[in-house]
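This report concerns only the one structure given below.
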Amino acid sequence: MKTFDIKNFKKNIKGLDYQFIDKDSSIVIQNESQLEYRETIQPKNSFFHTINLYHKSGKLKTTYQIYPDLFLKGVRKEYDEQGNLVKETDYDAPYKFTWENVLKLIKERKIDMSHEQFQVNRSFGFGTENIGKETEKPFWAVTYGVNGR
């Protein structure tokens, strides 16, 4: 069970958070709120961040992967204060087309992911073919600018 090193965090916090690079070259940002500790891990060469939330005791509370500010990927796990797994939610389950499929399509079409207008998201609800109509079907949305447009 992963735990939050409260003593090390308190020793190294500067301003509102503690930032460092771990042994895997990931950027780690730790901070504290009134209810929990939060750790964001940004692995080198990855599109996803791992978010770990910890109880004030330092025991893991929740862990999940996120495409920054847009969607969750994989399994989100939640633990009680004793460290027992109490809930798992698989955010990939409804999607037959995986993130890896989307990434392959983006590369095949030579879409510039660094373009300021590039965005990828997935959701339920409204898709371009269903504008104005609710749908239960999960969908991916990839938007981007082309040649200065």
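Following the order of the structure tokens, first chain is A, next is B, and so on, with residues numbered from 1 inside each chain and ligands from 1 in the order they appear.
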
Please return, as a tab-separated table (two decimals) with N, CA, C and O atoms, in the first residue's frame, all residues of chain A that DSSP assigns to strand (DSSP E) on the basis of the backbone.
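Final output, part.tsv:
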```
chain	number	residue	atom	x	y	z
A	17	ASP	N	3.29	24.04	-2.27
A	17	ASP	CA	3.53	22.65	-2.61
A	17	ASP	C	5.01	22.27	-2.55
A	17	ASP	O	5.87	23.11	-2.32
A	18	TYR	N	5.25	21.01	-2.75
A	18	TYR	CA	6.60	20.45	-2.81
A	18	TYR	C	6.72	19.79	-4.17
A	18	TYR	O	5.91	18.92	-4.52
A	19	GLN	N	7.71	20.22	-4.96
A	19	GLN	CA	7.93	19.66	-6.29
A	19	GLN	C	9.32	19.06	-6.36
A	19	GLN	O	10.28	19.64	-5.87
A	20	PHE	N	9.40	17.90	-7.02
A	20	PHE	CA	10.69	17.25	-7.21
A	20	PHE	C	10.62	16.30	-8.39
A	20	PHE	O	9.55	16.02	-8.93
A	21	ILE	N	11.77	15.80	-8.81
A	21	ILE	CA	11.85	14.80	-9.87
A	21	ILE	C	12.26	13.49	-9.23
A	21	ILE	O	13.27	13.42	-8.51
A	27	ILE	N	7.99	14.18	-12.90
A	27	ILE	CA	7.80	15.36	-12.07
A	27	ILE	C	6.71	15.04	-11.06
A	27	ILE	O	5.64	14.57	-11.44
A	28	VAL	N	6.99	15.28	-9.80
A	28	VAL	CA	6.04	15.00	-8.73
A	28	VAL	C	5.70	16.31	-8.03
A	28	VAL	O	6.60	17.06	-7.65
A	29	ILE	N	4.41	16.58	-7.91
A	29	ILE	CA	3.94	17.78	-7.21
A	29	ILE	C	3.04	17.32	-6.08
A	29	ILE	O	2.06	16.62	-6.31
A	30	GLN	N	3.39	17.71	-4.87
A	30	GLN	CA	2.60	17.34	-3.69
A	30	GLN	C	2.08	18.59	-3.02
A	30	GLN	O	2.79	19.60	-2.94
A	31	ASN	N	0.83	18.52	-2.54
A	31	ASN	CA	0.28	19.62	-1.76
A	31	ASN	C	-0.73	19.08	-0.76
A	31	ASN	O	-1.03	17.89	-0.74
A	32	GLU	N	-1.22	20.00	0.06
A	32	GLU	CA	-2.11	19.61	1.15
A	32	GLU	C	-3.34	20.50	1.15
A	32	GLU	O	-3.25	21.70	0.93
A	37	TYR	N	-4.03	14.95	1.41
A	37	TYR	CA	-2.81	15.27	0.69
A	37	TYR	C	-3.04	14.86	-0.76
A	37	TYR	O	-3.75	13.89	-1.03
A	38	ARG	N	-2.43	15.60	-1.68
A	38	ARG	CA	-2.57	15.31	-3.11
A	38	ARG	C	-1.19	15.20	-3.73
A	38	ARG	O	-0.31	16.02	-3.44
A	39	GLU	N	-1.05	14.22	-4.60
A	39	GLU	CA	0.21	14.01	-5.31
A	39	GLU	C	-0.10	13.85	-6.79
A	39	GLU	O	-0.91	12.99	-7.18
A	40	THR	N	0.51	14.67	-7.63
A	40	THR	CA	0.37	14.57	-9.07
A	40	THR	C	1.70	14.12	-9.63
A	40	THR	O	2.73	14.76	-9.38
A	41	ILE	N	1.69	13.02	-10.37
A	41	ILE	CA	2.92	12.47	-10.96
A	41	ILE	C	2.81	12.61	-12.46
A	41	ILE	O	1.86	12.10	-13.07
A	42	GLN	N	3.77	13.32	-13.06
A	42	GLN	CA	3.80	13.56	-14.49
A	42	GLN	C	4.98	12.79	-15.09
A	42	GLN	O	6.10	13.30	-15.14
A	49	HIS	N	-1.26	11.89	-16.41
A	49	HIS	CA	-0.75	12.13	-15.06
A	49	HIS	C	-1.41	11.12	-14.14
A	49	HIS	O	-2.56	10.74	-14.35
A	50	THR	N	-0.70	10.72	-13.11
A	50	THR	CA	-1.30	9.90	-12.07
A	50	THR	C	-1.60	10.81	-10.90
A	50	THR	O	-0.75	11.59	-10.47
A	51	ILE	N	-2.81	10.72	-10.40
A	51	ILE	CA	-3.23	11.49	-9.22
A	51	ILE	C	-3.40	10.52	-8.07
A	51	ILE	O	-4.13	9.53	-8.19
A	52	ASN	N	-2.73	10.79	-6.97
A	52	ASN	CA	-2.90	10.03	-5.74
A	52	ASN	C	-3.40	10.99	-4.67
A	52	ASN	O	-2.79	12.03	-4.43
A	53	LEU	N	-4.51	10.62	-4.05
A	53	LEU	CA	-5.04	11.38	-2.92
A	53	LEU	C	-4.84	10.52	-1.68
A	53	LEU	O	-5.03	9.31	-1.73
A	54	TYR	N	-4.45	11.16	-0.58
A	54	TYR	CA	-4.15	10.44	0.65
A	54	TYR	C	-4.99	10.98	1.80
A	54	TYR	O	-5.23	12.18	1.90
A	60	LEU	N	-3.11	5.81	1.41
A	60	LEU	CA	-3.71	6.08	0.11
A	60	LEU	C	-5.24	6.08	0.20
A	60	LEU	O	-5.84	5.19	0.80
A	61	LYS	N	-5.84	7.09	-0.41
A	61	LYS	CA	-7.30	7.25	-0.41
A	61	LYS	C	-7.87	6.94	-1.80
A	61	LYS	O	-8.85	6.21	-1.93
A	62	THR	N	-7.26	7.51	-2.83
A	62	THR	CA	-7.74	7.36	-4.21
A	62	THR	C	-6.55	7.45	-5.16
A	62	THR	O	-5.64	8.24	-4.92
A	63	THR	N	-6.59	6.66	-6.23
A	63	THR	CA	-5.56	6.76	-7.26
A	63	THR	C	-6.21	6.59	-8.62
A	63	THR	O	-7.12	5.77	-8.79
A	64	TYR	N	-5.77	7.40	-9.59
A	64	TYR	CA	-6.31	7.33	-10.95
A	64	TYR	C	-5.36	8.03	-11.92
A	64	TYR	O	-4.48	8.78	-11.51
A	65	GLN	N	-5.58	7.76	-13.23
A	65	GLN	CA	-4.83	8.43	-14.28
A	65	GLN	C	-5.76	9.40	-14.99
A	65	GLN	O	-6.95	9.12	-15.17
A	66	ILE	N	-5.20	10.53	-15.42
A	66	ILE	CA	-6.01	11.55	-16.08
A	66	ILE	C	-5.24	12.14	-17.26
A	66	ILE	O	-4.03	12.35	-17.19
A	67	TYR	N	-5.96	12.35	-18.35
A	67	TYR	CA	-5.45	13.17	-19.44
A	67	TYR	C	-5.73	14.58	-18.96
A	67	TYR	O	-6.90	14.92	-18.74
A	71	PHE	N	-10.12	13.88	-19.16
A	71	PHE	CA	-10.82	12.62	-18.90
A	71	PHE	C	-9.94	11.66	-18.10
A	71	PHE	O	-8.72	11.74	-18.12
A	72	LEU	N	-10.62	10.76	-17.40
A	72	LEU	CA	-9.94	9.73	-16.63
A	72	LEU	C	-9.70	8.51	-17.51
A	72	LEU	O	-10.50	8.21	-18.39
A	73	LYS	N	-8.61	7.80	-17.23
A	73	LYS	CA	-8.25	6.60	-17.99
A	73	LYS	C	-8.00	5.47	-17.01
A	73	LYS	O	-7.46	5.67	-15.94
A	74	GLY	N	-8.39	4.28	-17.42
A	74	GLY	CA	-8.10	3.11	-16.60
A	74	GLY	C	-9.02	2.99	-15.40
A	74	GLY	O	-10.15	3.46	-15.41
A	75	VAL	N	-8.48	2.36	-14.37
A	75	VAL	CA	-9.28	2.06	-13.18
A	75	VAL	C	-8.96	3.05	-12.06
A	75	VAL	O	-7.80	3.22	-11.69
A	76	ARG	N	-10.00	3.69	-11.56
A	76	ARG	CA	-9.87	4.56	-10.39
A	76	ARG	C	-10.15	3.69	-9.17
A	76	ARG	O	-11.16	2.99	-9.12
A	77	LYS	N	-9.22	3.72	-8.20
A	77	LYS	CA	-9.37	2.91	-7.00
A	77	LYS	C	-9.53	3.82	-5.79
A	77	LYS	O	-8.83	4.82	-5.67
A	78	GLU	N	-10.45	3.43	-4.91
A	78	GLU	CA	-10.70	4.19	-3.69
A	78	GLU	C	-10.54	3.27	-2.48
A	78	GLU	O	-10.99	2.13	-2.51
A	79	TYR	N	-9.91	3.80	-1.42
A	79	TYR	CA	-9.60	3.03	-0.23
A	79	TYR	C	-10.18	3.72	1.01
A	79	TYR	O	-10.24	4.95	1.06
A	85	LEU	N	-9.52	-1.65	-0.07
A	85	LEU	CA	-10.12	-1.22	-1.32
A	85	LEU	C	-11.64	-1.25	-1.18
A	85	LEU	O	-12.20	-2.29	-0.83
A	86	VAL	N	-12.30	-0.11	-1.39
A	86	VAL	CA	-13.74	-0.05	-1.23
A	86	VAL	C	-14.50	0.17	-2.54
A	86	VAL	O	-15.68	-0.10	-2.63
A	87	LYS	N	-13.78	0.65	-3.58
A	87	LYS	CA	-14.47	0.89	-4.85
A	87	LYS	C	-13.46	0.94	-5.99
A	87	LYS	O	-12.37	1.49	-5.85
A	88	GLU	N	-13.86	0.33	-7.11
A	88	GLU	CA	-13.10	0.43	-8.35
A	88	GLU	C	-14.04	0.85	-9.46
A	88	GLU	O	-15.14	0.30	-9.58
A	89	THR	N	-13.62	1.81	-10.26
A	89	THR	CA	-14.40	2.26	-11.39
A	89	THR	C	-13.51	2.20	-12.63
A	89	THR	O	-12.47	2.86	-12.67
A	90	ASP	N	-13.90	1.40	-13.62
A	90	ASP	CA	-13.12	1.26	-14.85
A	90	ASP	C	-13.64	2.26	-15.87
A	90	ASP	O	-14.71	2.07	-16.47
A	119	GLN	N	-7.08	19.13	-29.06
A	119	GLN	CA	-7.74	18.66	-27.85
A	119	GLN	C	-8.32	17.28	-28.13
A	119	GLN	O	-8.83	17.01	-29.22
A	120	VAL	N	-8.21	16.41	-27.15
A	120	VAL	CA	-8.85	15.10	-27.25
A	120	VAL	C	-9.63	14.87	-25.97
A	120	VAL	O	-9.19	15.22	-24.88
A	121	ASN	N	-10.84	14.35	-26.14
A	121	ASN	CA	-11.71	14.12	-25.00
A	121	ASN	C	-12.59	12.92	-25.30
A	121	ASN	O	-12.71	12.51	-26.44
A	122	ARG	N	-13.18	12.39	-24.27
A	122	ARG	CA	-14.16	11.33	-24.46
A	122	ARG	C	-15.29	11.56	-23.47
A	122	ARG	O	-15.10	12.14	-22.42
A	123	SER	N	-16.48	11.10	-23.88
A	123	SER	CA	-17.63	11.41	-23.06
A	123	SER	C	-18.82	10.57	-23.46
A	123	SER	O	-18.78	9.82	-24.43
A	124	PHE	N	-19.88	10.72	-22.73
A	124	PHE	CA	-21.20	10.23	-23.08
A	124	PHE	C	-22.04	11.46	-23.35
A	124	PHE	O	-21.75	12.53	-22.87
A	125	GLY	N	-23.10	11.34	-24.07
A	125	GLY	CA	-24.01	12.46	-24.20
A	125	GLY	C	-24.13	12.96	-25.61
A	125	GLY	O	-24.78	12.34	-26.42
A	135	THR	N	-27.66	10.78	-26.17
A	135	THR	CA	-27.30	9.43	-26.56
A	135	THR	C	-26.59	8.75	-25.40
A	135	THR	O	-25.93	9.40	-24.61
A	136	GLU	N	-26.73	7.48	-25.31
A	136	GLU	CA	-26.07	6.71	-24.25
A	136	GLU	C	-24.70	6.21	-24.71
A	136	GLU	O	-23.98	5.63	-23.95
A	137	LYS	N	-24.37	6.43	-25.98
A	137	LYS	CA	-23.16	5.87	-26.55
A	137	LYS	C	-21.93	6.69	-26.16
A	137	LYS	O	-21.92	7.91	-26.28
A	138	PRO	N	-20.86	6.01	-25.75
A	138	PRO	CA	-19.61	6.73	-25.47
A	138	PRO	C	-18.95	7.14	-26.78
A	138	PRO	O	-19.08	6.45	-27.79
A	139	PHE	N	-18.27	8.28	-26.78
A	139	PHE	CA	-17.58	8.71	-27.98
A	139	PHE	C	-16.30	9.46	-27.64
A	139	PHE	O	-16.11	9.94	-26.54
A	140	TRP	N	-15.40	9.50	-28.61
A	140	TRP	CA	-14.16	10.27	-28.54
A	140	TRP	C	-14.35	11.52	-29.39
A	140	TRP	O	-15.01	11.47	-30.43
A	141	ALA	N	-13.72	12.62	-28.98
A	141	ALA	CA	-13.72	13.84	-29.78
A	141	ALA	C	-12.27	14.32	-29.89
A	141	ALA	O	-11.62	14.54	-28.87
A	142	VAL	N	-11.78	14.43	-31.11
A	142	VAL	CA	-10.44	14.96	-31.37
A	142	VAL	C	-10.63	16.22	-32.19
A	142	VAL	O	-11.21	16.18	-33.26
A	143	THR	N	-10.17	17.35	-31.66
A	143	THR	CA	-10.27	18.61	-32.36
A	143	THR	C	-8.88	19.20	-32.48
A	143	THR	O	-8.03	19.04	-31.61
```

Any idea what's packed within 10 Å of region 81-84 of chain A, counting only C-alpha atoms, ignoring anything in its chain fewer than 6 positions away? Could you give it as a PDB file with N, CA, C and O atoms, in the first residue's frame?
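Wrote part-v7.pdb, looks like this:
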```pdb
ATOM      1  N   MET A   1       0.848  -1.183   0.000  1.00  0.00           N
ATOM      2  CA  MET A   1       0.000   0.000   0.000  1.00  0.00           C
ATOM      3  C   MET A   1       0.887   1.238   0.000  1.00  0.00           C
ATOM      4  O   MET A   1       1.750   1.393   0.844  1.00  0.00           O
ATOM      5  N   LYS A   2       0.671   2.091  -0.962  1.00  0.00           N
ATOM      6  CA  LYS A   2       1.416   3.342  -1.081  1.00  0.00           C
ATOM      7  C   LYS A   2       0.989   4.302   0.035  1.00  0.00           C
ATOM      8  O   LYS A   2      -0.190   4.397   0.362  1.00  0.00           O
ATOM      9  N   THR A   3       1.960   4.977   0.624  1.00  0.00           N
ATOM     10  CA  THR A   3       1.667   5.962   1.666  1.00  0.00           C
ATOM     11  C   THR A   3       2.335   7.294   1.325  1.00  0.00           C
ATOM     12  O   THR A   3       3.289   7.345   0.558  1.00  0.00           O
ATOM     13  N   TYR A  54      -4.450  11.160  -0.578  1.00  0.00           N
ATOM     14  CA  TYR A  54      -4.148  10.441   0.650  1.00  0.00           C
ATOM     15  C   TYR A  54      -4.988  10.977   1.801  1.00  0.00           C
ATOM     16  O   TYR A  54      -5.225  12.184   1.900  1.00  0.00           O
ATOM     17  N   HIS A  55      -5.398  10.070   2.679  1.00  0.00           N
ATOM     18  CA  HIS A  55      -6.036  10.480   3.930  1.00  0.00           C
ATOM     19  C   HIS A  55      -5.012  11.281   4.735  1.00  0.00           C
ATOM     20  O   HIS A  55      -3.805  11.182   4.517  1.00  0.00           O
ATOM     21  N   LYS A  56      -5.462  12.049   5.687  1.00  0.00           N
ATOM     22  CA  LYS A  56      -4.558  12.843   6.531  1.00  0.00           C
ATOM     23  C   LYS A  56      -3.592  11.963   7.326  1.00  0.00           C
ATOM     24  O   LYS A  56      -2.553  12.429   7.769  1.00  0.00           O
ATOM     25  N   SER A  57      -3.900  10.680   7.455  1.00  0.00           N
ATOM     26  CA  SER A  57      -2.996   9.733   8.118  1.00  0.00           C
ATOM     27  C   SER A  57      -1.813   9.379   7.226  1.00  0.00           C
ATOM     28  O   SER A  57      -0.820   8.818   7.700  1.00  0.00           O
ATOM     29  N   GLY A  58      -1.915   9.685   5.926  1.00  0.00           N
ATOM     30  CA  GLY A  58      -0.872   9.349   4.969  1.00  0.00           C
ATOM     31  C   GLY A  58      -1.185   8.101   4.153  1.00  0.00           C
ATOM     32  O   GLY A  58      -0.485   7.787   3.199  1.00  0.00           O
ATOM     33  N   LYS A  59      -2.255   7.391   4.505  1.00  0.00           N
ATOM     34  CA  LYS A  59      -2.640   6.195   3.749  1.00  0.00           C
ATOM     35  C   LYS A  59      -3.351   6.596   2.456  1.00  0.00           C
ATOM     36  O   LYS A  59      -4.102   7.570   2.426  1.00  0.00           O
ATOM     37  N   LEU A  60      -3.111   5.810   1.407  1.00  0.00           N
ATOM     38  CA  LEU A  60      -3.711   6.080   0.111  1.00  0.00           C
ATOM     39  C   LEU A  60      -5.235   6.081   0.201  1.00  0.00           C
ATOM     40  O   LEU A  60      -5.838   5.190   0.801  1.00  0.00           O
ATOM     41  N   LYS A  61      -5.844   7.091  -0.407  1.00  0.00           N
ATOM     42  CA  LYS A  61      -7.301   7.254  -0.410  1.00  0.00           C
ATOM     43  C   LYS A  61      -7.873   6.942  -1.796  1.00  0.00           C
ATOM     44  O   LYS A  61      -8.845   6.213  -1.930  1.00  0.00           O
TER      45      LYS A  61
END
```

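Computed from the coordinates, the CA of Lys14 (chain A) to CA of Gln34 (chain A) distance equals 17.3 Å.
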
Between CA of Lys11 (chain A) and CA of Ser46 (chain A), measure the distance and give it in Å to one decimal. 29.0 Å

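Nearest to Ser25 (chain A) of all the residues A:Pro68, A:Pro94, A:Pro43, A:Gly145 is A:Pro43, counting only C-alpha atoms.
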
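Between CA of Ile6 (chain A) and CA of Leu70 (chain A) there is a distance of 29.1 Å.
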
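Among the candidates A:Trp99, A:Phe9, A:Asp80, A:Tyr144, the one nearest to Gln117 (chain A) when counting only C-alpha atoms is A:Tyr144.
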
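Looking only at region 30-103 of chain A, the set that DSSP places in alpha helix (DSSP H) from backbone geometry is A:Trp99, A:Glu100, A:Asn101, A:Val102, A:Leu103.
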
Please, could you write that set of residues out with N, CA and C atoms as a compact mmCIF listing (two decimals), in the first residue's frame?
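Contents of selection-v9.txt, as written:
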```
# COMPACT_ATOMS: atom_id res chain seq x y z
N TRP A 99 -7.66 4.32 -25.90
CA TRP A 99 -6.76 5.46 -26.05
C TRP A 99 -5.66 5.11 -27.04
N GLU A 100 -5.15 3.89 -26.99
CA GLU A 100 -4.09 3.48 -27.90
C GLU A 100 -4.58 3.51 -29.35
N ASN A 101 -5.84 3.15 -29.59
CA ASN A 101 -6.43 3.25 -30.93
C ASN A 101 -6.51 4.71 -31.38
N VAL A 102 -6.93 5.58 -30.48
CA VAL A 102 -7.03 7.01 -30.79
C VAL A 102 -5.65 7.57 -31.11
N LEU A 103 -4.67 7.24 -30.30
CA LEU A 103 -3.31 7.72 -30.53
C LEU A 103 -2.77 7.24 -31.87
```
